[in-house]
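See below for target.cif, which holds mmCIF, C-alpha atoms and all ligand atoms.
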```
data_work
loop_
_atom_site.group_PDB
_atom_site.id
_atom_site.type_symbol
_atom_site.label_atom_id
_atom_site.label_comp_id
_atom_site.auth_asym_id
_atom_site.auth_seq_id
_atom_site.Cartn_x
_atom_site.Cartn_y
_atom_site.Cartn_z
ATOM 1 C CA MET R 13 106.045 90.613 67.540
ATOM 2 C CA THR R 14 108.293 92.945 69.548
ATOM 3 C CA ARG R 15 106.337 95.490 71.533
ATOM 4 C CA SER R 16 107.162 98.503 73.689
ATOM 5 C CA VAL R 17 106.352 97.403 77.237
ATOM 6 C CA LEU R 18 106.378 99.663 80.299
ATOM 7 C CA VAL R 19 106.297 98.317 83.851
ATOM 8 C CA THR R 20 105.858 100.818 86.668
ATOM 9 C CA GLY R 21 107.767 99.954 89.826
ATOM 10 C CA GLY R 22 109.688 97.476 87.724
ATOM 11 C CA ALA R 23 113.044 97.525 89.480
ATOM 12 C CA ARG R 24 112.235 94.977 92.167
ATOM 13 C CA GLY R 25 109.683 92.442 93.344
ATOM 14 C CA ILE R 26 106.779 91.477 91.118
ATOM 15 C CA GLY R 27 107.473 94.363 88.725
ATOM 16 C CA LEU R 28 111.038 93.201 88.084
ATOM 17 C CA ALA R 29 109.887 89.625 87.449
ATOM 18 C CA VAL R 30 107.264 90.957 85.020
ATOM 19 C CA ALA R 31 109.836 93.095 83.218
ATOM 20 C CA ARG R 32 112.184 90.127 82.929
ATOM 21 C CA ALA R 33 109.407 87.886 81.589
ATOM 22 C CA PHE R 34 108.586 90.321 78.770
ATOM 23 C CA ALA R 35 112.274 90.898 78.000
ATOM 24 C CA ALA R 36 112.856 87.133 77.813
ATOM 25 C CA ALA R 37 110.022 86.920 75.275
ATOM 26 C CA GLY R 38 111.790 89.484 73.094
ATOM 27 C CA ASP R 39 109.824 92.631 73.900
ATOM 28 C CA LYS R 40 111.413 96.080 74.334
ATOM 29 C CA VAL R 41 110.974 96.697 78.045
ATOM 30 C CA THR R 42 111.394 99.815 80.139
ATOM 31 C CA VAL R 43 110.682 100.191 83.830
ATOM 32 C CA THR R 44 110.029 103.119 86.089
ATOM 33 C CA TYR R 45 111.325 103.320 89.624
ATOM 34 C CA ARG R 46 110.965 105.705 92.524
ATOM 35 C CA THR R 47 113.998 104.970 94.712
ATOM 36 C CA THR R 48 115.499 101.610 93.692
ATOM 37 C CA ALA R 49 117.360 101.764 90.376
ATOM 38 C CA PRO R 50 116.822 98.745 88.097
ATOM 39 C CA PRO R 51 119.570 96.280 87.129
ATOM 40 C CA PRO R 52 121.859 97.674 84.393
ATOM 41 C CA ASP R 53 120.329 95.567 81.607
ATOM 42 C CA LEU R 54 116.867 97.130 82.063
ATOM 43 C CA PRO R 55 116.341 100.731 80.899
ATOM 44 C CA GLY R 56 114.772 102.605 83.806
ATOM 45 C CA TYR R 57 113.351 106.061 84.348
ATOM 46 C CA ARG R 58 112.832 107.695 87.703
ATOM 47 C CA CYS R 59 109.156 108.336 88.247
ATOM 48 C CA ASP R 60 107.122 108.781 91.387
ATOM 49 C CA VAL R 61 103.597 107.885 90.251
ATOM 50 C CA THR R 62 102.155 110.354 92.761
ATOM 51 C CA SER R 63 103.620 113.160 90.605
ATOM 52 C CA PRO R 64 101.797 113.942 87.350
ATOM 53 C CA ASP R 65 104.925 115.757 86.103
ATOM 54 C CA ASP R 66 107.120 112.709 86.782
ATOM 55 C CA VAL R 67 104.673 110.446 84.969
ATOM 56 C CA SER R 68 104.488 112.700 81.941
ATOM 57 C CA ARG R 69 108.274 113.195 81.748
ATOM 58 C CA ALA R 70 109.144 109.520 82.269
ATOM 59 C CA ILE R 71 106.718 108.320 79.613
ATOM 60 C CA THR R 72 108.005 110.931 77.150
ATOM 61 C CA GLU R 73 111.488 109.453 77.756
ATOM 62 C CA VAL R 74 110.202 105.913 77.293
ATOM 63 C CA GLU R 75 108.543 106.935 74.014
ATOM 64 C CA ALA R 76 111.799 108.496 72.799
ATOM 65 C CA LEU R 77 113.631 105.211 73.465
ATOM 66 C CA HIS R 78 111.130 102.572 72.337
ATOM 67 C CA GLY R 79 108.232 104.402 70.706
ATOM 68 C CA PRO R 80 104.677 104.603 72.069
ATOM 69 C CA VAL R 81 103.875 102.253 74.928
ATOM 70 C CA GLU R 82 101.931 99.275 73.557
ATOM 71 C CA VAL R 83 101.752 97.298 76.792
ATOM 72 C CA LEU R 84 101.365 98.993 80.168
ATOM 73 C CA ILE R 85 101.752 97.064 83.410
ATOM 74 C CA ALA R 86 100.651 99.371 86.240
ATOM 75 C CA ASN R 87 102.372 97.650 89.136
ATOM 76 C CA ALA R 88 103.709 100.353 91.497
ATOM 77 C CA GLY R 89 102.108 99.977 94.900
ATOM 78 C CA VAL R 90 102.548 100.536 98.612
ATOM 79 C CA THR R 91 101.036 99.413 101.879
ATOM 80 C CA ARG R 92 100.495 101.496 105.018
ATOM 81 C CA ASP R 93 98.832 98.914 107.224
ATOM 82 C CA LYS R 94 96.917 100.021 110.300
ATOM 83 C CA LEU R 95 93.633 99.198 111.952
ATOM 84 C CA LEU R 96 90.994 101.759 111.015
ATOM 85 C CA LEU R 97 90.928 103.432 114.418
ATOM 86 C CA ARG R 98 94.656 104.190 114.129
ATOM 87 C CA MET R 99 94.653 105.055 110.439
ATOM 88 C CA THR R 100 95.341 108.703 109.636
ATOM 89 C CA GLU R 101 94.067 110.739 106.691
ATOM 90 C CA ASP R 102 97.625 110.616 105.396
ATOM 91 C CA ASP R 103 97.828 106.797 105.623
ATOM 92 C CA PHE R 104 94.642 106.551 103.607
ATOM 93 C CA ASP R 105 95.446 109.253 101.058
ATOM 94 C CA ALA R 106 99.057 108.180 100.450
ATOM 95 C CA THR R 107 97.988 104.614 99.699
ATOM 96 C CA LEU R 108 95.205 105.684 97.352
ATOM 97 C CA ASP R 109 97.460 108.257 95.699
ATOM 98 C CA THR R 110 100.068 105.659 94.738
ATOM 99 C CA ASN R 111 97.973 102.563 94.100
ATOM 100 C CA LEU R 112 94.868 104.016 92.471
ATOM 101 C CA ARG R 113 95.549 107.572 91.339
ATOM 102 C CA GLY R 114 99.058 106.543 90.242
ATOM 103 C CA ALA R 115 97.525 103.910 87.975
ATOM 104 C CA PHE R 116 95.048 106.510 86.679
ATOM 105 C CA ARG R 117 97.881 108.921 85.826
ATOM 106 C CA VAL R 118 99.933 106.344 83.959
ATOM 107 C CA ALA R 119 96.980 104.849 82.067
ATOM 108 C CA LYS R 120 95.740 108.285 81.012
ATOM 109 C CA ARG R 121 99.195 109.210 79.717
ATOM 110 C CA VAL R 122 99.667 106.079 77.565
ATOM 111 C CA ALA R 123 96.071 105.604 76.391
ATOM 112 C CA PRO R 124 95.936 108.152 73.528
ATOM 113 C CA ALA R 125 98.697 106.407 71.550
ATOM 114 C CA MET R 126 97.095 102.981 72.098
ATOM 115 C CA LEU R 127 93.705 104.255 70.974
ATOM 116 C CA LYS R 128 95.241 105.888 67.918
ATOM 117 C CA ALA R 129 97.076 102.662 67.023
ATOM 118 C CA ARG R 130 93.876 100.678 67.691
ATOM 119 C CA ARG R 131 95.742 98.123 69.762
ATOM 120 C CA GLY R 132 97.240 97.867 73.201
ATOM 121 C CA ARG R 133 97.225 96.031 76.484
ATOM 122 C CA ILE R 134 96.800 97.506 79.939
ATOM 123 C CA VAL R 135 97.195 95.291 83.002
ATOM 124 C CA PHE R 136 96.637 96.618 86.508
ATOM 125 C CA ILE R 137 98.223 94.772 89.415
ATOM 126 C CA SER R 138 95.567 94.633 92.105
ATOM 127 C CA SER R 139 95.500 92.141 95.000
ATOM 128 C CA THR R 140 93.254 89.480 96.432
ATOM 129 C CA VAL R 141 93.015 91.860 99.387
ATOM 130 C CA GLY R 142 90.910 94.046 97.085
ATOM 131 C CA LEU R 143 88.478 91.138 96.705
ATOM 132 C CA ARG R 144 88.360 89.740 100.232
ATOM 133 C CA GLY R 145 89.427 92.672 102.412
ATOM 134 C CA GLU R 146 91.967 92.221 105.199
ATOM 135 C CA GLN R 147 92.325 93.403 108.760
ATOM 136 C CA GLY R 148 94.608 96.409 108.984
ATOM 137 C CA GLN R 149 94.521 96.998 105.230
ATOM 138 C CA SER R 150 91.321 98.941 104.629
ATOM 139 C CA ASN R 151 93.213 101.672 102.756
ATOM 140 C CA TYR R 152 95.103 99.163 100.620
ATOM 141 C CA ALA R 153 91.971 97.051 99.998
ATOM 142 C CA ALA R 154 90.032 100.152 98.922
ATOM 143 C CA SER R 155 92.785 101.131 96.507
ATOM 144 C CA LYS R 156 93.026 97.637 95.031
ATOM 145 C CA ALA R 157 89.249 97.218 94.740
ATOM 146 C CA GLY R 158 89.128 100.653 93.129
ATOM 147 C CA LEU R 159 91.489 99.438 90.421
ATOM 148 C CA ILE R 160 88.922 96.828 89.424
ATOM 149 C CA GLY R 161 86.151 99.353 88.792
ATOM 150 C CA PHE R 162 88.633 101.615 87.060
ATOM 151 C CA ALA R 163 89.908 98.834 84.789
ATOM 152 C CA ARG R 164 86.440 97.604 83.898
ATOM 153 C CA SER R 165 85.352 101.125 82.967
ATOM 154 C CA LEU R 166 88.369 101.463 80.692
ATOM 155 C CA ALA R 167 87.564 98.053 79.185
ATOM 156 C CA TRP R 168 84.215 99.513 78.116
ATOM 157 C CA GLU R 169 85.753 102.766 76.888
ATOM 158 C CA PHE R 170 88.622 101.187 74.933
ATOM 159 C CA GLY R 171 87.114 97.923 73.689
ATOM 160 C CA LYS R 172 85.901 99.359 70.409
ATOM 161 C CA ARG R 173 89.479 100.474 69.666
ATOM 162 C CA GLY R 174 91.039 97.057 70.239
ATOM 163 C CA VAL R 175 92.712 97.932 73.543
ATOM 164 C CA THR R 176 92.197 95.372 76.323
ATOM 165 C CA VAL R 177 92.254 96.257 80.011
ATOM 166 C CA ASN R 178 92.560 93.563 82.651
ATOM 167 C CA VAL R 179 93.438 93.093 86.285
ATOM 168 C CA VAL R 180 95.785 90.523 87.790
ATOM 169 C CA ALA R 181 95.203 90.021 91.504
ATOM 170 C CA PRO R 182 98.155 88.311 93.181
ATOM 171 C CA GLY R 183 97.831 86.604 96.517
ATOM 172 C CA LEU R 184 100.633 86.423 99.065
ATOM 173 C CA THR R 185 103.867 86.752 97.082
ATOM 174 C CA ASP R 186 107.467 86.507 98.253
ATOM 175 C CA THR R 187 108.803 90.085 97.858
ATOM 176 C CA ASP R 188 110.066 92.962 100.041
ATOM 177 C CA MET R 189 106.413 93.877 100.658
ATOM 178 C CA THR R 190 105.778 90.607 102.520
ATOM 179 C CA ALA R 191 109.318 90.247 103.943
ATOM 180 C CA VAL R 192 108.294 92.658 106.720
ATOM 181 C CA LEU R 193 105.656 90.210 108.010
ATOM 182 C CA PRO R 194 106.582 88.000 110.978
ATOM 183 C CA GLU R 195 107.436 84.398 110.083
ATOM 184 C CA GLN R 196 104.536 83.034 112.131
ATOM 185 C CA ARG R 197 102.071 85.306 110.328
ATOM 186 C CA ILE R 198 103.331 84.050 106.958
ATOM 187 C CA ALA R 199 102.956 80.443 108.152
ATOM 188 C CA ASP R 200 99.408 81.138 109.364
ATOM 189 C CA MET R 201 98.513 82.779 106.059
ATOM 190 C CA CYS R 202 100.023 79.908 104.021
ATOM 191 C CA ALA R 203 97.904 77.454 106.016
ATOM 192 C CA GLN R 204 94.817 79.225 104.585
ATOM 193 C CA ILE R 205 95.977 78.811 100.978
ATOM 194 C CA PRO R 206 95.006 75.628 99.096
ATOM 195 C CA LEU R 207 98.525 75.428 97.626
ATOM 196 C CA GLN R 208 99.954 76.037 101.156
ATOM 197 C CA ARG R 209 102.678 78.476 100.129
ATOM 198 C CA MET R 210 103.419 81.967 98.837
ATOM 199 C CA ALA R 211 103.722 82.712 95.126
ATOM 200 C CA THR R 212 107.052 83.553 93.599
ATOM 201 C CA PRO R 213 107.157 86.841 91.654
ATOM 202 C CA GLU R 214 107.840 84.779 88.528
ATOM 203 C CA GLU R 215 104.544 82.899 88.953
ATOM 204 C CA ILE R 216 102.687 86.233 88.906
ATOM 205 C CA ALA R 217 104.761 87.454 85.957
ATOM 206 C CA ASP R 218 103.885 84.456 83.779
ATOM 207 C CA VAL R 219 100.169 85.211 84.110
ATOM 208 C CA VAL R 220 100.669 88.930 83.486
ATOM 209 C CA ARG R 221 102.602 88.157 80.331
ATOM 210 C CA PHE R 222 99.829 85.863 79.099
ATOM 211 C CA VAL R 223 97.141 88.489 79.784
ATOM 212 C CA ALA R 224 99.157 90.966 77.703
ATOM 213 C CA SER R 225 99.923 88.472 74.941
ATOM 214 C CA PRO R 226 98.350 88.247 71.469
ATOM 215 C CA GLN R 227 96.855 84.906 72.632
ATOM 216 C CA ALA R 228 94.671 86.794 75.153
ATOM 217 C CA SER R 229 92.946 88.781 72.395
ATOM 218 C CA TYR R 230 89.391 88.112 73.657
ATOM 219 C CA LEU R 231 90.137 88.844 77.318
ATOM 220 C CA THR R 232 89.115 92.229 78.683
ATOM 221 C CA GLY R 233 87.623 93.511 81.933
ATOM 222 C CA ALA R 234 88.750 90.307 83.638
ATOM 223 C CA VAL R 235 90.070 90.000 87.166
ATOM 224 C CA ILE R 236 92.454 87.075 87.357
ATOM 225 C CA PRO R 237 93.469 85.890 90.816
ATOM 226 C CA VAL R 238 96.924 84.307 91.034
ATOM 227 C CA ASP R 239 96.779 83.241 94.618
ATOM 228 C CA GLY R 240 97.101 79.487 95.043
ATOM 229 C CA GLY R 241 93.327 79.311 95.400
ATOM 230 C CA ALA R 242 93.133 81.599 98.441
ATOM 231 C CA SER R 243 90.349 83.837 97.155
ATOM 232 C CA MET R 244 88.128 81.159 95.622
ATOM 233 C CA GLY R 245 84.531 82.327 95.674
ATOM 234 C CA HIS R 246 85.327 86.031 96.003
HETATM 235 P P1 LIG R 301 107.584 95.782 96.507
HETATM 236 O O1 LIG R 301 107.407 96.560 97.758
HETATM 237 O O2 LIG R 301 108.680 94.778 96.399
HETATM 238 O O3 LIG R 301 107.689 96.768 95.253
HETATM 239 C C1 LIG R 301 106.840 97.873 95.132
HETATM 240 C C2 LIG R 301 107.220 98.595 93.864
HETATM 241 O O4 LIG R 301 106.382 99.740 93.736
HETATM 242 C C3 LIG R 301 108.654 99.092 93.902
HETATM 243 O O5 LIG R 301 109.210 98.949 92.630
HETATM 244 C C4 LIG R 301 108.490 100.560 94.256
HETATM 245 O O6 LIG R 301 109.509 101.405 93.788
HETATM 246 C C5 LIG R 301 107.195 100.888 93.546
HETATM 247 N N1 LIG R 301 106.563 102.085 94.092
HETATM 248 C C6 LIG R 301 106.030 102.254 95.322
HETATM 249 N N2 LIG R 301 105.570 103.512 95.453
HETATM 250 C C7 LIG R 301 105.829 104.139 94.288
HETATM 251 C C8 LIG R 301 105.595 105.454 93.799
HETATM 252 N N3 LIG R 301 105.004 106.397 94.541
HETATM 253 N N4 LIG R 301 105.985 105.742 92.547
HETATM 254 C C9 LIG R 301 106.580 104.820 91.792
HETATM 255 N N5 LIG R 301 106.853 103.557 92.183
HETATM 256 C C10 LIG R 301 106.471 103.237 93.411
HETATM 257 O O7 LIG R 301 106.189 95.088 96.301
HETATM 258 P P2 LIG R 301 105.687 93.895 95.360
HETATM 259 O O8 LIG R 301 106.625 93.645 94.253
HETATM 260 O O9 LIG R 301 105.277 92.822 96.254
HETATM 261 O O10 LIG R 301 104.366 94.603 94.803
HETATM 262 C C11 LIG R 301 104.153 94.947 93.454
HETATM 263 C C12 LIG R 301 102.665 95.150 93.262
HETATM 264 O O11 LIG R 301 101.993 93.925 93.555
HETATM 265 C C13 LIG R 301 102.064 96.199 94.188
HETATM 266 O O12 LIG R 301 101.076 96.925 93.518
HETATM 267 C C14 LIG R 301 101.439 95.348 95.292
HETATM 268 O O13 LIG R 301 100.381 96.023 95.911
HETATM 269 C C15 LIG R 301 100.984 94.150 94.502
HETATM 270 N N6 LIG R 301 100.755 92.946 95.299
HETATM 271 C C16 LIG R 301 101.762 92.386 96.047
HETATM 272 C C17 LIG R 301 101.506 91.257 96.796
HETATM 273 C C18 LIG R 301 102.542 90.596 97.641
HETATM 274 O O14 LIG R 301 102.180 89.704 98.436
HETATM 275 N N7 LIG R 301 103.813 90.918 97.540
HETATM 276 C C19 LIG R 301 100.181 90.630 96.782
HETATM 277 C C20 LIG R 301 99.215 91.309 95.962
HETATM 278 C C21 LIG R 301 99.506 92.413 95.249
HETATM 279 P P3 LIG R 301 110.815 101.730 94.698
HETATM 280 O O15 LIG R 301 111.616 100.492 94.774
HETATM 281 O O16 LIG R 301 111.514 102.768 93.927
HETATM 282 O O17 LIG R 301 110.306 102.146 96.018
#
```

Re-express the file's structure as structure tokens.
Amino acid sequence: MTRSVLVTGGARGIGLAVARAFAAAGDKVTVTYRTTAPPPDLPGYRCDVTSPDDVSRAITEVEALHGPVEVLIANAGVTRDKLLLRMTEDDFDATLDTNLRGAFRVAKRVAPAMLKARRGRIVFISSTVGLRGEQGQSNYAASKAGLIGFARSLAWEFGKRGVTVNVVAPGLTDTDMTAVLPEQRIADMCAQIPLQRMATPEEIADVVRFVASPQASYLTGAVIPVDGGASMGH
């Protein structure tokens, strides 16, 4: 079954791997991007998820190309790491505005068509940091934990209409987001992971694609860590 799949922040990193995984399975995939344009084989629409107008316009364009969005992967996210005592209002708000409110805006825009069609898949990309917390990431952790409560509420609201809503929580993954970390810090973090290494974006993408697949028809409100075992027990 070919579906219309939208991945926010799908031009690089985990989002790009997710987009490629759906495209390889035969789905009609579009991505949104803020600054980095996607590769030429992936239709992309510029959309800053902090702008309600951008979200509305971009999704209208996606619908014109591929029809109503049947699978939404809300992936766009940022970090603004600082210890609490140095964190500004802006650091906190900007992170929440992209990671949590951005996901709210996109989900709200695509939900009516899914509910009308009585089928659909929404997957939010959270983080194990939302489960465990992390020094210097209180804003990011709050945004990613917030996604869990948000997703589970939507799972209740949409379940009777056949729309599933789940969360995938990656652990340390090899992308631009982690490329800024010092090598020693990465090594220290990998030492705390049962599998002793970072994930590749493709390893996250495979799980996201399963969660959004017809085979995952009885899965909703779930939080699935893909983290080499790092968050066991959380
Ligand atoms: P990257 O920094 O490589 O990519 C982030 C993506 O989000 C980019 O496509 C970026 O677009 C997009 N984005 C950021 N801000 C906005 C915005 N305001 N509007 C629209 N798009 C935006 O990170 P990853 O691929 O690593 O991260 C993807 C997701 O996975 C994020 O939600 C992140 O929090 C999460 N995650 C990542 C982990 C990791 O270790 N890498 C671990 C756990 C979760 P642009 O290129 O245009 O800036």

Per-residue nearest contacts of range 126-244 of chain R to range 77-96 of chain R (10 Å; only C-alpha atoms) as JSON lines:
```
{"residue": "R:Met126", "atom": "CA", "partner": "R:Glu82", "partner_atom": "CA", "distance": 6.3}
{"residue": "R:Leu127", "atom": "CA", "partner": "R:Glu82", "partner_atom": "CA", "distance": 10.0}
{"residue": "R:Ala129", "atom": "CA", "partner": "R:Glu82", "partner_atom": "CA", "distance": 8.8}
{"residue": "R:Arg131", "atom": "CA", "partner": "R:Glu82", "partner_atom": "CA", "distance": 7.4}
{"residue": "R:Gly132", "atom": "CA", "partner": "R:Glu82", "partner_atom": "CA", "distance": 4.9}
{"residue": "R:Arg133", "atom": "CA", "partner": "R:Val83", "partner_atom": "CA", "distance": 4.7}
{"residue": "R:Ile134", "atom": "CA", "partner": "R:Leu84", "partner_atom": "CA", "distance": 4.8}
{"residue": "R:Val135", "atom": "CA", "partner": "R:Ile85", "partner_atom": "CA", "distance": 4.9}
{"residue": "R:Phe136", "atom": "CA", "partner": "R:Ala86", "partner_atom": "CA", "distance": 4.9}
{"residue": "R:Ile137", "atom": "CA", "partner": "R:Asn87", "partner_atom": "CA", "distance": 5.1}
{"residue": "R:Ser138", "atom": "CA", "partner": "R:Asn87", "partner_atom": "CA", "distance": 8.0}
{"residue": "R:Glu146", "atom": "CA", "partner": "R:Asp93", "partner_atom": "CA", "distance": 9.8}
{"residue": "R:Gln147", "atom": "CA", "partner": "R:Leu95", "partner_atom": "CA", "distance": 6.7}
{"residue": "R:Gly148", "atom": "CA", "partner": "R:Leu95", "partner_atom": "CA", "distance": 4.2}
{"residue": "R:Gln149", "atom": "CA", "partner": "R:Asp93", "partner_atom": "CA", "distance": 5.1}
{"residue": "R:Ser150", "atom": "CA", "partner": "R:Leu96", "partner_atom": "CA", "distance": 7.0}
{"residue": "R:Asn151", "atom": "CA", "partner": "R:Arg92", "partner_atom": "CA", "distance": 7.6}
{"residue": "R:Tyr152", "atom": "CA", "partner": "R:Thr91", "partner_atom": "CA", "distance": 6.1}
{"residue": "R:Ala153", "atom": "CA", "partner": "R:Thr91", "partner_atom": "CA", "distance": 9.6}
{"residue": "R:Ser155", "atom": "CA", "partner": "R:Gly89", "partner_atom": "CA", "distance": 9.5}
{"residue": "R:Lys156", "atom": "CA", "partner": "R:Gly89", "partner_atom": "CA", "distance": 9.4}
{"residue": "R:Val175", "atom": "CA", "partner": "R:Glu82", "partner_atom": "CA", "distance": 9.3}
{"residue": "R:Thr176", "atom": "CA", "partner": "R:Val83", "partner_atom": "CA", "distance": 9.8}
{"residue": "R:Val177", "atom": "CA", "partner": "R:Leu84", "partner_atom": "CA", "distance": 9.5}
{"residue": "R:Asn178", "atom": "CA", "partner": "R:Ile85", "partner_atom": "CA", "distance": 9.9}
{"residue": "R:Val179", "atom": "CA", "partner": "R:Ala86", "partner_atom": "CA", "distance": 9.6}
{"residue": "R:Val180", "atom": "CA", "partner": "R:Asn87", "partner_atom": "CA", "distance": 9.8}
{"residue": "R:Met189", "atom": "CA", "partner": "R:Thr91", "partner_atom": "CA", "distance": 7.8}
{"residue": "R:Val220", "atom": "CA", "partner": "R:Ile85", "partner_atom": "CA", "distance": 8.2}
{"residue": "R:Arg221", "atom": "CA", "partner": "R:Ile85", "partner_atom": "CA", "distance": 9.5}
{"residue": "R:Ala224", "atom": "CA", "partner": "R:Val83", "partner_atom": "CA", "distance": 6.9}
{"residue": "R:Ser225", "atom": "CA", "partner": "R:Val83", "partner_atom": "CA", "distance": 9.2}
```

Could you tell me which residues the PyMOL selection byres (((chain R and resi 61) around 10) and not hetatm) grabs in this file, written as a PDB file with C-alpha atoms, keeping the file's coordinate frame?
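Contents of part.pdb, freshly written:
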```pdb
ATOM      1  CA  THR R  20     105.858 100.818  86.668  1.00  0.00           C
ATOM      2  CA  GLY R  21     107.767  99.954  89.826  1.00  0.00           C
ATOM      3  CA  THR R  44     110.029 103.119  86.089  1.00  0.00           C
ATOM      4  CA  TYR R  45     111.325 103.320  89.624  1.00  0.00           C
ATOM      5  CA  ARG R  46     110.965 105.705  92.524  1.00  0.00           C
ATOM      6  CA  ARG R  58     112.832 107.695  87.703  1.00  0.00           C
ATOM      7  CA  CYS R  59     109.156 108.336  88.247  1.00  0.00           C
ATOM      8  CA  ASP R  60     107.122 108.781  91.387  1.00  0.00           C
ATOM      9  CA  THR R  62     102.155 110.354  92.761  1.00  0.00           C
ATOM     10  CA  SER R  63     103.620 113.160  90.605  1.00  0.00           C
ATOM     11  CA  PRO R  64     101.797 113.942  87.350  1.00  0.00           C
ATOM     12  CA  ASP R  65     104.925 115.757  86.103  1.00  0.00           C
ATOM     13  CA  ASP R  66     107.120 112.709  86.782  1.00  0.00           C
ATOM     14  CA  VAL R  67     104.673 110.446  84.969  1.00  0.00           C
ATOM     15  CA  SER R  68     104.488 112.700  81.941  1.00  0.00           C
ATOM     16  CA  ALA R  70     109.144 109.520  82.269  1.00  0.00           C
ATOM     17  CA  ALA R  86     100.651  99.371  86.240  1.00  0.00           C
ATOM     18  CA  ALA R  88     103.709 100.353  91.497  1.00  0.00           C
ATOM     19  CA  GLY R  89     102.108  99.977  94.900  1.00  0.00           C
ATOM     20  CA  ASP R 109      97.460 108.257  95.699  1.00  0.00           C
ATOM     21  CA  THR R 110     100.068 105.659  94.738  1.00  0.00           C
ATOM     22  CA  ASN R 111      97.973 102.563  94.100  1.00  0.00           C
ATOM     23  CA  LEU R 112      94.868 104.016  92.471  1.00  0.00           C
ATOM     24  CA  ARG R 113      95.549 107.572  91.339  1.00  0.00           C
ATOM     25  CA  GLY R 114      99.058 106.543  90.242  1.00  0.00           C
ATOM     26  CA  ALA R 115      97.525 103.910  87.975  1.00  0.00           C
ATOM     27  CA  PHE R 116      95.048 106.510  86.679  1.00  0.00           C
ATOM     28  CA  ARG R 117      97.881 108.921  85.826  1.00  0.00           C
ATOM     29  CA  VAL R 118      99.933 106.344  83.959  1.00  0.00           C
TER      30      VAL R 118
END
```

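Counting all atoms listed in the file, the residue from R:Gln196, R:Gln204, R:Thr107, R:Thr47 that sits nearest to ligand LIG 301 (chain R) is R:Thr47.
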
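A straight line drawn from atom C14 of ligand LIG 301 (chain R) to CA of Pro182 in chain R is 8.0 Å long.
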
Counting only C-alpha atoms and all ligand atoms, closest pick from R:Met210, R:Val122, R:Ala154, R:Leu97 relative to ligand LIG 301 (chain R) is R:Met210

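Distances here use all atoms listed in the file; by that measure, the residue among R:Lys120, R:Arg144, R:Arg164, R:Arg130 closest to ligand LIG 301 (chain R) is R:Arg144.
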
Specify as a ChimeraX atom specification each residue included when the PyMOL selection byres (((chain R and resi 198-203) around 12) and not hetatm) is applied to this file.
-> /R:146,183-186,190-197,204-211,239-242

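Counting from atom N4 of ligand LIG 301 (chain R), the distance to CA of Lys128 in chain R is 26.9 Å.
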
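Taking atom C2 of ligand LIG 301 (chain R) and CA of Thr48 in chain R as endpoints, the distance between them is 8.8 Å.
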
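When all atoms listed in the file are used to compute distances to Phe222 in chain R, the closest of the residues R:Asp102, R:Phe34, R:Leu143, R:Leu108 turns out to be R:Phe34.
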
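With all atoms listed in the file as the basis for measurement, R:Ala181 is the residue among R:Leu166, R:Ala181, R:Ala217, R:Ala36 that approaches ligand LIG 301 (chain R) most closely.
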
Could you give me the axis-aligned bounding box of ligand LIG 301 (chain R), with 6 Å of padding per side, as centre plus edge lengths in Å to one decimal, as JSON?
```
{"center_x": 105.4, "center_y": 98.1, "center_z": 95.1, "size_x": 24.4, "size_y": 28.7, "size_z": 18.6}
```

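Among R:Gly158, R:Pro213, R:Gly174, R:Gly145, the residue with the shortest atom-to-atom distance to Gly27 in chain R, counting all atoms listed in the file, is R:Pro213.
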
Considering all atoms listed in the file, return as a ChimeraX atom specification whatever protein or nucleic-acid residues lie within 10 Å of Arg24 in chain R, sequence-local ones (same chain, fewer than 6 positions apart) excluded.
-> /R:30-31,43,45,48-51,187-188,213

Selected residues written out, C-alpha atoms, as a CSV table (one decimal), keeping the file's coordinate frame:
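The result, written out as part.csv:
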```csv
chain,number,residue,atom,x,y,z
R,30,VAL,CA,107.3,91.0,85.0
R,31,ALA,CA,109.8,93.1,83.2
R,43,VAL,CA,110.7,100.2,83.8
R,45,TYR,CA,111.3,103.3,89.6
R,48,THR,CA,115.5,101.6,93.7
R,49,ALA,CA,117.4,101.8,90.4
R,50,PRO,CA,116.8,98.7,88.1
R,51,PRO,CA,119.6,96.3,87.1
R,187,THR,CA,108.8,90.1,97.9
R,188,ASP,CA,110.1,93.0,100.0
R,213,PRO,CA,107.2,86.8,91.7
```
